[in-house]
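Undergrad: After the structure tokens below, expect a handful of questions from me.
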Amino acid sequence: MRLLAIQAANYRLTTNYMKLQHTEDFLKKFDYDYLRRDDQIIVKMEPSQQVSIDFSNPKKPVITNELTKWNFLTGVFNMRIKNAVRLNLALGFIVSLILAIQNLQIGIYAFLIYAIWISFWAAHYLSKSKVLRENLNYWNN
């Protein structure tokens with residue numbers, strides 16, 4: 001029984017290594033800037049975005065998407081894109097509400113411009129990470 005458990009663990013480690021190795025080969029081939037830490041790869045993308053791929057679960061790697069400092073959505077804060085969009089929409093609503101107290105038309109225009117800005121950059125960052133994710137899925141299968 002113990003031998004069977006050891007063989008299963010070795011199989012999982014080999015499968016994990018292969019996926020991790022395939023991913024690393026892809027990143028090297030296409031000249032991505034990345035950092036490998038044990039079972040995790042952190043891909044640094046421009047502008048101010050990084051995608052983290054955690055291979056600790058051999059059946060399903062976990063991919064997270066984060067904005068780093070000096071980006072167009074969060075400024076100097078590190079934050080996940082979903083949280084950045086929520087924060088910006090809340091701040092945009094508050095600022096627009098304050099402006100709408102003075103002049104309703106200016107408040108509405110400010111909110112629309114701010115929402116377009118947030119939508120553009122969120123779509124930009126999400127599309128870049130989605131393309132990377134699709135390429136990695138294709139490369140590993």
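Identifiers in this document derive from the order of the structure tokens: chains are assigned A, B, ..., residues are numbered from 1 separately in each chain, and ligands are numbered from 1 in order of occurrence.
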Would you mind writing down, as a ChimeraX atom specification, each residue of chain A that DSSP on the backbone assigns to alpha helix (DSSP H)?
TA: /A:2-29,81-102,104-140
Undergrad: Could the residues in this selection be written to a file with C-alpha atoms, as an mmCIF file, in the first residue's frame?
TA:
data_model
loop_
_atom_site.group_PDB
_atom_site.id
_atom_site.type_symbol
_atom_site.label_atom_id
_atom_site.label_comp_id
_atom_site.auth_asym_id
_atom_site.auth_seq_id
_atom_site.Cartn_x
_atom_site.Cartn_y
_atom_site.Cartn_z
ATOM 1 C CA ARG A 2 2.807 2.402 0.873
ATOM 2 C CA LEU A 3 4.568 1.614 -2.415
ATOM 3 C CA LEU A 4 1.387 2.467 -4.301
ATOM 4 C CA ALA A 5 1.147 5.822 -2.490
ATOM 5 C CA ILE A 6 4.787 6.600 -3.313
ATOM 6 C CA GLN A 7 4.251 5.740 -6.986
ATOM 7 C CA ALA A 8 1.151 7.950 -7.087
ATOM 8 C CA ALA A 9 3.076 10.822 -5.494
ATOM 9 C CA ASN A 10 5.921 10.398 -7.995
ATOM 10 C CA TYR A 11 3.425 10.411 -10.863
ATOM 11 C CA ARG A 12 1.855 13.630 -9.561
ATOM 12 C CA LEU A 13 5.268 15.254 -9.186
ATOM 13 C CA THR A 14 6.276 14.207 -12.702
ATOM 14 C CA THR A 15 3.029 15.512 -14.177
ATOM 15 C CA ASN A 16 3.419 18.749 -12.215
ATOM 16 C CA TYR A 17 7.012 19.123 -13.375
ATOM 17 C CA MET A 18 6.069 18.596 -16.981
ATOM 18 C CA LYS A 19 3.382 21.265 -16.929
ATOM 19 C CA LEU A 20 5.663 23.636 -15.103
ATOM 20 C CA GLN A 21 8.499 22.822 -17.480
ATOM 21 C CA HIS A 22 6.275 23.282 -20.552
ATOM 22 C CA THR A 23 5.162 26.648 -19.260
ATOM 23 C CA GLU A 24 8.722 27.711 -18.570
ATOM 24 C CA ASP A 25 9.775 26.583 -22.059
ATOM 25 C CA PHE A 26 6.976 28.661 -23.576
ATOM 26 C CA LEU A 27 7.999 31.739 -21.604
ATOM 27 C CA LYS A 28 11.642 31.321 -22.617
ATOM 28 C CA LYS A 29 10.789 30.740 -26.267
ATOM 29 C CA ILE A 81 -7.699 43.910 -11.409
ATOM 30 C CA LYS A 82 -11.183 43.034 -10.105
ATOM 31 C CA ASN A 83 -10.536 44.959 -6.887
ATOM 32 C CA ALA A 84 -9.032 47.868 -8.834
ATOM 33 C CA VAL A 85 -12.165 48.183 -10.969
ATOM 34 C CA ARG A 86 -14.410 48.080 -7.908
ATOM 35 C CA LEU A 87 -12.324 50.697 -6.099
ATOM 36 C CA ASN A 88 -12.226 53.000 -9.098
ATOM 37 C CA LEU A 89 -15.946 52.745 -9.736
ATOM 38 C CA ALA A 90 -16.677 53.546 -6.099
ATOM 39 C CA LEU A 91 -14.282 56.513 -6.098
ATOM 40 C CA GLY A 92 -15.628 57.708 -9.454
ATOM 41 C CA PHE A 93 -19.174 57.552 -8.135
ATOM 42 C CA ILE A 94 -18.247 59.516 -5.016
ATOM 43 C CA VAL A 95 -16.354 62.193 -6.964
ATOM 44 C CA SER A 96 -19.173 62.428 -9.525
ATOM 45 C CA LEU A 97 -21.738 62.726 -6.747
ATOM 46 C CA ILE A 98 -19.786 65.586 -5.177
ATOM 47 C CA LEU A 99 -19.531 67.295 -8.569
ATOM 48 C CA ALA A 100 -23.230 66.649 -9.250
ATOM 49 C CA ILE A 101 -24.139 68.556 -6.088
ATOM 50 C CA GLN A 102 -22.609 71.645 -7.686
ATOM 51 C CA LEU A 104 -25.579 67.794 -12.337
ATOM 52 C CA GLN A 105 -24.372 67.838 -15.929
ATOM 53 C CA ILE A 106 -20.693 68.064 -14.938
ATOM 54 C CA GLY A 107 -21.171 65.234 -12.436
ATOM 55 C CA ILE A 108 -22.715 62.975 -15.077
ATOM 56 C CA TYR A 109 -20.001 63.772 -17.622
ATOM 57 C CA ALA A 110 -17.275 63.173 -15.057
ATOM 58 C CA PHE A 111 -18.730 59.774 -14.172
ATOM 59 C CA LEU A 112 -19.053 58.773 -17.839
ATOM 60 C CA ILE A 113 -15.494 59.818 -18.653
ATOM 61 C CA TYR A 114 -14.186 58.041 -15.569
ATOM 62 C CA ALA A 115 -16.183 54.875 -16.386
ATOM 63 C CA ILE A 116 -14.814 54.864 -19.946
ATOM 64 C CA TRP A 117 -11.265 55.272 -18.600
ATOM 65 C CA ILE A 118 -11.728 52.383 -16.151
ATOM 66 C CA SER A 119 -13.347 50.163 -18.785
ATOM 67 C CA PHE A 120 -10.588 50.781 -21.315
ATOM 68 C CA TRP A 121 -7.716 49.968 -18.981
ATOM 69 C CA ALA A 122 -9.482 47.041 -17.325
ATOM 70 C CA ALA A 123 -10.195 45.541 -20.762
ATOM 71 C CA HIS A 124 -6.570 46.135 -21.759
ATOM 72 C CA TYR A 125 -5.118 44.380 -18.713
ATOM 73 C CA LEU A 126 -7.665 41.542 -18.786
ATOM 74 C CA SER A 127 -7.169 40.884 -22.501
ATOM 75 C CA LYS A 128 -3.405 40.661 -22.059
ATOM 76 C CA SER A 129 -3.743 38.132 -19.264
ATOM 77 C CA LYS A 130 -6.390 36.175 -21.173
ATOM 78 C CA VAL A 131 -4.158 35.894 -24.237
ATOM 79 C CA LEU A 132 -1.313 34.647 -22.047
ATOM 80 C CA ARG A 133 -3.630 32.135 -20.344
ATOM 81 C CA GLU A 134 -4.941 30.814 -23.675
ATOM 82 C CA ASN A 135 -1.434 30.502 -25.101
ATOM 83 C CA LEU A 136 -0.248 28.637 -22.015
ATOM 84 C CA ASN A 137 -3.243 26.284 -22.149
ATOM 85 C CA TYR A 138 -2.567 25.576 -25.801
ATOM 86 C CA TRP A 139 1.157 25.076 -25.211
ATOM 87 C CA ASN A 140 0.618 22.674 -22.284
#
Undergrad: Would you pick out the contacts of range 39-53 of chain A at 6 Å or less, using only C-alpha atoms, so that residues sharing its chain but fewer than 4 positions from it are not included, and give the list as number ranges by chain?
TA: A: 33-35, 62-68, 71
Undergrad: Let me see the file: selected residues, N, CA, C and O atoms, as a compact mmCIF listing (two decimals), in the first residue's frame.
TA:
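As a result, out-v4.txt now contains:
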# COMPACT_ATOMS: atom_id res chain seq x y z
N ASP A 33 9.46 38.03 -19.56
CA ASP A 33 10.20 38.29 -18.33
C ASP A 33 9.48 37.58 -17.19
O ASP A 33 8.34 37.92 -16.89
N TYR A 34 10.11 36.58 -16.60
CA TYR A 34 9.44 35.81 -15.56
C TYR A 34 10.43 35.43 -14.46
O TYR A 34 11.65 35.51 -14.63
N LEU A 35 9.86 35.02 -13.34
CA LEU A 35 10.63 34.59 -12.17
C LEU A 35 10.01 33.29 -11.68
O LEU A 35 8.79 33.20 -11.54
N VAL A 62 -3.28 27.48 -10.53
CA VAL A 62 -4.03 28.68 -10.18
C VAL A 62 -3.34 29.88 -10.80
O VAL A 62 -2.15 30.11 -10.57
N ILE A 63 -4.09 30.65 -11.58
CA ILE A 63 -3.55 31.82 -12.26
C ILE A 63 -4.18 33.06 -11.65
O ILE A 63 -5.40 33.19 -11.63
N THR A 64 -3.33 33.95 -11.12
CA THR A 64 -3.84 35.20 -10.56
C THR A 64 -3.24 36.37 -11.33
O THR A 64 -2.13 36.28 -11.85
N ASN A 65 -3.98 37.44 -11.37
CA ASN A 65 -3.63 38.59 -12.16
C ASN A 65 -3.56 39.81 -11.25
O ASN A 65 -4.53 40.10 -10.56
N GLU A 66 -2.45 40.50 -11.24
CA GLU A 66 -2.28 41.62 -10.31
C GLU A 66 -1.63 42.80 -11.02
O GLU A 66 -0.77 42.64 -11.88
N LEU A 67 -2.07 43.98 -10.63
CA LEU A 67 -1.45 45.20 -11.11
C LEU A 67 -0.38 45.63 -10.11
O LEU A 67 -0.60 45.58 -8.91
N THR A 68 0.76 46.03 -10.62
CA THR A 68 1.84 46.48 -9.75
C THR A 68 1.84 48.01 -9.72
O THR A 68 0.99 48.66 -10.32
N ASN A 71 0.48 51.99 -12.35
CA ASN A 71 -0.37 51.58 -13.46
C ASN A 71 -1.50 52.58 -13.61
O ASN A 71 -1.66 53.48 -12.80
Undergrad: Which of range 11-139 of chain A end up as strand (DSSP E) when DSSP is run on this backbone - answer as a PyMOL selection string?
TA: chain A and resi 33-37+40-45+49-54+62-67+79-80
Undergrad: So that I can see what lies close to Asp38 in chain A, please list as a count of residues only the residues with an atom at most 10 Å from it, counting only C-alpha atoms and leaving out residues fewer than 4 positions away in the same chain.
TA: 4
